[in-house]
Structure formats: C-alpha cells, structure tokens
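A.B. asks: This structure is in structure tokens; I'll ask about it shortly.
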Amino acid sequence: MLPQALDISIEDTLVRPGDRHKQVLFRKSGDTTWYRVFLRLVGRDVPFVRSVTYRLHETFTPNQFTVDRSPDKPDCLLEVWMWGTFEMTAVVQDLRGREQLVAHSLLFDQEI
C-alpha cells in the first residue's frame, strides 16, 4: 500500500552518483562559471515514484524537466548545467498518479 505522503527529498551534487573518480565538470562563459549538477530523488519511498518534474529557476530555458523512473534512472537522475544556487521545487507523481510538491535549496556550491 502506498503511503499518503511520500518520504522523498531531492539531492544535488557536482559528482555523478556512483562515479568512483569523483569528477567535477565546469566551464567558463565570460565571467560566469557553469557547473554540471546532478539532481536526484532520495528517500525510502523512491520505489513508489512514477515520475518527477524538476522546476528550476524561471531564468532557465526550459525551466522544467520531467524524468520518468525506470531501470536506467531508478532515482530519477537529471543532469543540468547551472551557475548559481536557488530554491527549487519538484512535482513527484506516485504510482497511483497522486502528486506531491517537494521543495529544495540547492547546496552544490558547498562542494566547490
């Protein structure tokens, strides 16, 4: 039986989960440094997730990315390039089609 509210949160990191080399990628564009950031779902109820729509800052084009949970993406991993931190949200859809809003403050800058 699915729980009413999923035990789910968002994790962000500069290192691809499972990368034993712990490689961080960045690139310069003028005075701005862009970092490759990975977003994923964590928590005991991740197996009950059908999909997640990550909602990034309004200045991103596009600023929404939907990732279906699959054998290739069991934690709904998303790779995105960004230069700063901000508050973001995600809409997580469970296996019954119910949606739950999850808020997250990006923390990848603490790895720099």
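So you can find residues: chains in the structure tokens are A, B, ... in the order shown, residues in each start at 1, and ligands are numbered from 1 in order.
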Can you list, as a PyMOL selection string, every protein, DNA or RNA residue that comes within 7 Å of stretch 34-44 of chain A when you count only C-alpha atoms, leaving out same-chain residues fewer than 5 positions away?

C.D. replies: chain A and resi 7-14+16+25-28+75-83

A.B. asks: Please, could you write that set of residues out with N, CA, C and O atoms as a PDB file, in the first residue's frame?

C.D. replies:
```pdb
ATOM      1  N   ASP A   7       7.949   9.676   1.471  1.00  0.00           N
ATOM      2  CA  ASP A   7       9.201  10.051   2.128  1.00  0.00           C
ATOM      3  C   ASP A   7      10.237  10.225   1.024  1.00  0.00           C
ATOM      4  O   ASP A   7      10.934   9.283   0.648  1.00  0.00           O
ATOM      5  N   ILE A   8      10.258  11.436   0.463  1.00  0.00           N
ATOM      6  CA  ILE A   8      11.083  11.746  -0.702  1.00  0.00           C
ATOM      7  C   ILE A   8      11.715  13.111  -0.480  1.00  0.00           C
ATOM      8  O   ILE A   8      11.059  14.036  -0.002  1.00  0.00           O
ATOM      9  N   SER A   9      12.963  13.245  -0.882  1.00  0.00           N
ATOM     10  CA  SER A   9      13.596  14.558  -0.930  1.00  0.00           C
ATOM     11  C   SER A   9      14.497  14.606  -2.158  1.00  0.00           C
ATOM     12  O   SER A   9      14.709  13.592  -2.837  1.00  0.00           O
ATOM     13  N   ILE A  10      15.025  15.789  -2.438  1.00  0.00           N
ATOM     14  CA  ILE A  10      15.889  15.997  -3.594  1.00  0.00           C
ATOM     15  C   ILE A  10      17.318  16.154  -3.094  1.00  0.00           C
ATOM     16  O   ILE A  10      17.560  16.822  -2.091  1.00  0.00           O
ATOM     17  N   GLU A  11      18.228  15.543  -3.808  1.00  0.00           N
ATOM     18  CA  GLU A  11      19.649  15.694  -3.513  1.00  0.00           C
ATOM     19  C   GLU A  11      20.311  16.308  -4.740  1.00  0.00           C
ATOM     20  O   GLU A  11      19.978  15.950  -5.868  1.00  0.00           O
ATOM     21  N   ASP A  12      21.233  17.245  -4.514  1.00  0.00           N
ATOM     22  CA  ASP A  12      22.006  17.805  -5.623  1.00  0.00           C
ATOM     23  C   ASP A  12      23.484  17.631  -5.319  1.00  0.00           C
ATOM     24  O   ASP A  12      23.907  17.699  -4.170  1.00  0.00           O
ATOM     25  N   THR A  13      24.257  17.373  -6.363  1.00  0.00           N
ATOM     26  CA  THR A  13      25.690  17.141  -6.203  1.00  0.00           C
ATOM     27  C   THR A  13      26.420  17.455  -7.508  1.00  0.00           C
ATOM     28  O   THR A  13      25.824  17.387  -8.585  1.00  0.00           O
ATOM     29  N   LEU A  14      27.701  17.783  -7.401  1.00  0.00           N
ATOM     30  CA  LEU A  14      28.532  18.033  -8.574  1.00  0.00           C
ATOM     31  C   LEU A  14      29.128  16.752  -9.148  1.00  0.00           C
ATOM     32  O   LEU A  14      29.657  16.753 -10.250  1.00  0.00           O
ATOM     33  N   ARG A  16      28.611  12.844 -10.368  1.00  0.00           N
ATOM     34  CA  ARG A  16      27.599  11.864 -10.781  1.00  0.00           C
ATOM     35  C   ARG A  16      27.539  10.746  -9.738  1.00  0.00           C
ATOM     36  O   ARG A  16      28.575  10.169  -9.387  1.00  0.00           O
ATOM     37  N   LEU A  25      32.769  18.656 -13.373  1.00  0.00           N
ATOM     38  CA  LEU A  25      32.943  19.382 -14.630  1.00  0.00           C
ATOM     39  C   LEU A  25      32.421  20.799 -14.491  1.00  0.00           C
ATOM     40  O   LEU A  25      31.380  21.042 -13.870  1.00  0.00           O
ATOM     41  N   PHE A  26      33.149  21.737 -15.079  1.00  0.00           N
ATOM     42  CA  PHE A  26      32.711  23.121 -15.124  1.00  0.00           C
ATOM     43  C   PHE A  26      33.219  23.736 -16.413  1.00  0.00           C
ATOM     44  O   PHE A  26      34.116  23.200 -17.075  1.00  0.00           O
ATOM     45  N   ARG A  27      32.642  24.853 -16.796  1.00  0.00           N
ATOM     46  CA  ARG A  27      33.089  25.576 -17.985  1.00  0.00           C
ATOM     47  C   ARG A  27      32.885  27.071 -17.758  1.00  0.00           C
ATOM     48  O   ARG A  27      31.990  27.479 -17.008  1.00  0.00           O
ATOM     49  N   LYS A  28      33.715  27.860 -18.381  1.00  0.00           N
ATOM     50  CA  LYS A  28      33.644  29.315 -18.259  1.00  0.00           C
ATOM     51  C   LYS A  28      32.927  29.881 -19.477  1.00  0.00           C
ATOM     52  O   LYS A  28      33.118  29.417 -20.594  1.00  0.00           O
ATOM     53  N   ASP A  75      16.492   6.563  -9.595  1.00  0.00           N
ATOM     54  CA  ASP A  75      16.373   7.695  -8.664  1.00  0.00           C
ATOM     55  C   ASP A  75      15.993   8.987  -9.388  1.00  0.00           C
ATOM     56  O   ASP A  75      16.132  10.073  -8.857  1.00  0.00           O
ATOM     57  N   CYS A  76      15.514   8.856 -10.636  1.00  0.00           N
ATOM     58  CA  CYS A  76      15.076   9.995 -11.450  1.00  0.00           C
ATOM     59  C   CYS A  76      16.179  11.035 -11.612  1.00  0.00           C
ATOM     60  O   CYS A  76      15.969  12.247 -11.472  1.00  0.00           O
ATOM     61  N   LEU A  77      17.365  10.576 -11.944  1.00  0.00           N
ATOM     62  CA  LEU A  77      18.545  11.429 -12.082  1.00  0.00           C
ATOM     63  C   LEU A  77      18.400  12.400 -13.251  1.00  0.00           C
ATOM     64  O   LEU A  77      18.004  12.011 -14.351  1.00  0.00           O
ATOM     65  N   LEU A  78      18.743  13.667 -12.989  1.00  0.00           N
ATOM     66  CA  LEU A  78      18.757  14.710 -14.016  1.00  0.00           C
ATOM     67  C   LEU A  78      20.108  15.398 -13.974  1.00  0.00           C
ATOM     68  O   LEU A  78      20.596  15.755 -12.903  1.00  0.00           O
ATOM     69  N   GLU A  79      20.721  15.579 -15.137  1.00  0.00           N
ATOM     70  CA  GLU A  79      21.979  16.315 -15.270  1.00  0.00           C
ATOM     71  C   GLU A  79      21.658  17.669 -15.894  1.00  0.00           C
ATOM     72  O   GLU A  79      20.996  17.730 -16.936  1.00  0.00           O
ATOM     73  N   VAL A  80      22.126  18.746 -15.269  1.00  0.00           N
ATOM     74  CA  VAL A  80      21.840  20.090 -15.769  1.00  0.00           C
ATOM     75  C   VAL A  80      23.035  20.993 -15.463  1.00  0.00           C
ATOM     76  O   VAL A  80      23.727  20.804 -14.468  1.00  0.00           O
ATOM     77  N   TRP A  81      23.273  21.958 -16.326  1.00  0.00           N
ATOM     78  CA  TRP A  81      24.353  22.921 -16.122  1.00  0.00           C
ATOM     79  C   TRP A  81      23.769  24.189 -15.502  1.00  0.00           C
ATOM     80  O   TRP A  81      22.751  24.694 -15.973  1.00  0.00           O
ATOM     81  N   MET A  82      24.424  24.699 -14.444  1.00  0.00           N
ATOM     82  CA  MET A  82      23.956  25.924 -13.802  1.00  0.00           C
ATOM     83  C   MET A  82      25.120  26.657 -13.165  1.00  0.00           C
ATOM     84  O   MET A  82      26.178  26.084 -12.945  1.00  0.00           O
ATOM     85  N   TRP A  83      24.898  27.926 -12.867  1.00  0.00           N
ATOM     86  CA  TRP A  83      25.988  28.727 -12.312  1.00  0.00           C
ATOM     87  C   TRP A  83      25.747  29.184 -10.877  1.00  0.00           C
ATOM     88  O   TRP A  83      26.668  29.641 -10.211  1.00  0.00           O
TER      89      TRP A  83
END
```

A.B. asks: Got a sec: who's within 7 Å of A:Val67, counting only C-alpha atoms, leaving out chain neighbours fewer than 2 positions off, as an mmCIF file with C-alpha atoms, in the first residue's frame?

C.D. replies:
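Ended up saving to selection32.cif:
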```cif
data_model
loop_
_atom_site.group_PDB
_atom_site.id
_atom_site.type_symbol
_atom_site.label_atom_id
_atom_site.label_comp_id
_atom_site.auth_asym_id
_atom_site.auth_seq_id
_atom_site.Cartn_x
_atom_site.Cartn_y
_atom_site.Cartn_z
ATOM 1 C CA SER A 51 7.977 10.411 -12.398
ATOM 2 C CA VAL A 52 9.271 13.748 -11.193
ATOM 3 C CA THR A 53 9.132 17.179 -12.796
ATOM 4 C CA PHE A 65 12.350 18.766 -16.793
ATOM 5 C CA ARG A 69 11.562 6.481 -13.029
ATOM 6 C CA CYS A 76 15.076 9.995 -11.450
#
```

A.B. asks: Restricting the calculation to only C-alpha atoms: of A:Asp45, A:Gln100, A:Gln93, A:Gln23, which residue gets closest to A:Thr66?

C.D. replies: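 Nearest to A:Thr66: A:Gln93.
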
A.B. asks: Near A:Arg98, within 12 Å and counting only C-alpha atoms, which residues show up once chain neighbours fewer than 3 positions away are dropped, as a list in words?

C.D. replies: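 With the cut-off at 12 Å, the set is Leu2, Pro3, Gln4, Ala5, Leu6, Phe48, Val49, Arg50, Ser51, Val52, Val91, Val92, Gln93, Asp94, Leu95 and Leu101 of chain A.
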
A.B. asks: Hey, can you spit out that residue selection with N, CA and C atoms as a compact mmCIF listing (two decimals), in the first residue's frame?

C.D. replies:
```txt
# COMPACT_ATOMS: atom_id res chain seq x y z
N LEU A 2 0.54 2.22 -0.84
CA LEU A 2 1.31 3.46 -0.94
C LEU A 2 1.03 4.36 0.24
N PRO A 3 2.07 5.04 0.74
CA PRO A 3 1.85 5.99 1.83
C PRO A 3 1.11 7.23 1.33
N GLN A 4 0.46 7.97 2.25
CA GLN A 4 -0.25 9.20 1.87
C GLN A 4 0.73 10.24 1.35
N ALA A 5 1.78 10.52 2.11
CA ALA A 5 2.82 11.45 1.68
C ALA A 5 4.11 10.66 1.55
N LEU A 6 4.73 10.76 0.40
CA LEU A 6 5.95 10.01 0.16
C LEU A 6 7.12 10.57 0.96
N PHE A 48 8.16 3.97 -5.05
CA PHE A 48 6.74 4.24 -5.33
C PHE A 48 6.55 5.41 -6.29
N VAL A 49 7.64 5.96 -6.84
CA VAL A 49 7.58 7.12 -7.73
C VAL A 49 7.42 6.67 -9.17
N ARG A 50 6.54 7.35 -9.89
CA ARG A 50 6.37 7.13 -11.33
C ARG A 50 7.25 8.11 -12.10
N SER A 51 7.20 9.39 -11.69
CA SER A 51 7.98 10.41 -12.40
C SER A 51 8.16 11.63 -11.50
N VAL A 52 9.06 12.49 -11.90
CA VAL A 52 9.27 13.75 -11.19
C VAL A 52 9.48 14.84 -12.23
N VAL A 91 7.62 18.34 -8.67
CA VAL A 91 6.34 17.66 -8.52
C VAL A 91 6.60 16.18 -8.74
N VAL A 92 6.39 15.41 -7.69
CA VAL A 92 6.62 13.97 -7.73
C VAL A 92 5.28 13.28 -7.90
N GLN A 93 5.19 12.42 -8.91
CA GLN A 93 3.96 11.65 -9.15
C GLN A 93 4.20 10.21 -8.70
N ASP A 94 3.30 9.71 -7.85
CA ASP A 94 3.45 8.33 -7.38
C ASP A 94 2.80 7.35 -8.36
N LEU A 95 2.85 6.08 -8.05
CA LEU A 95 2.35 5.05 -8.94
C LEU A 95 0.84 5.11 -9.16
N LEU A 101 4.31 17.98 -3.95
CA LEU A 101 5.28 19.04 -4.18
C LEU A 101 6.42 18.91 -3.17
```

A.B. asks: Find the distance between atom CA of A:Arg55 and atom CA of A:Arg96 and write it in Å to one decimal.

C.D. replies: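 For atom CA of A:Arg55 relative to atom CA of A:Arg96, the distance reads 21.4 Å.
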
A.B. asks: Between atom CA of A:Pro74 and atom CA of A:Ser105, what is the distance, to one decimal in Å?

C.D. replies: 22.1 Å

A.B. asks: Could you please write out, as a PyMOL selection string, every residue of chain A that DSSP assigns to strand (DSSP E or B)?

C.D. replies: chain A and resi 9-13+26-29+32-42+49-55+64-68+78-82+87-94+99-105

A.B. asks: For a test of reading the model, state the distance in Å between atom CA of A:Tyr54 and atom CA of A:Ala90, rounded to one decimal.

C.D. replies: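 Spanning atom CA of A:Tyr54 to atom CA of A:Ala90 is a straight-line distance of 4.4 Å.
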
A.B. asks: Closest to A:Pro71 among A:Val102, A:His21, A:Pro47, A:Asp31, using only C-alpha atoms?

C.D. replies: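 Using only C-alpha atoms, A:Pro71 sits closest to A:Pro47.
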
A.B. asks: If you run DSSP on this backbone, which residues of chain A come out as helix (DSSP H, G or I), and could you give them as a PyMOL selection string?

C.D. replies: chain A and resi 46-48+108-111
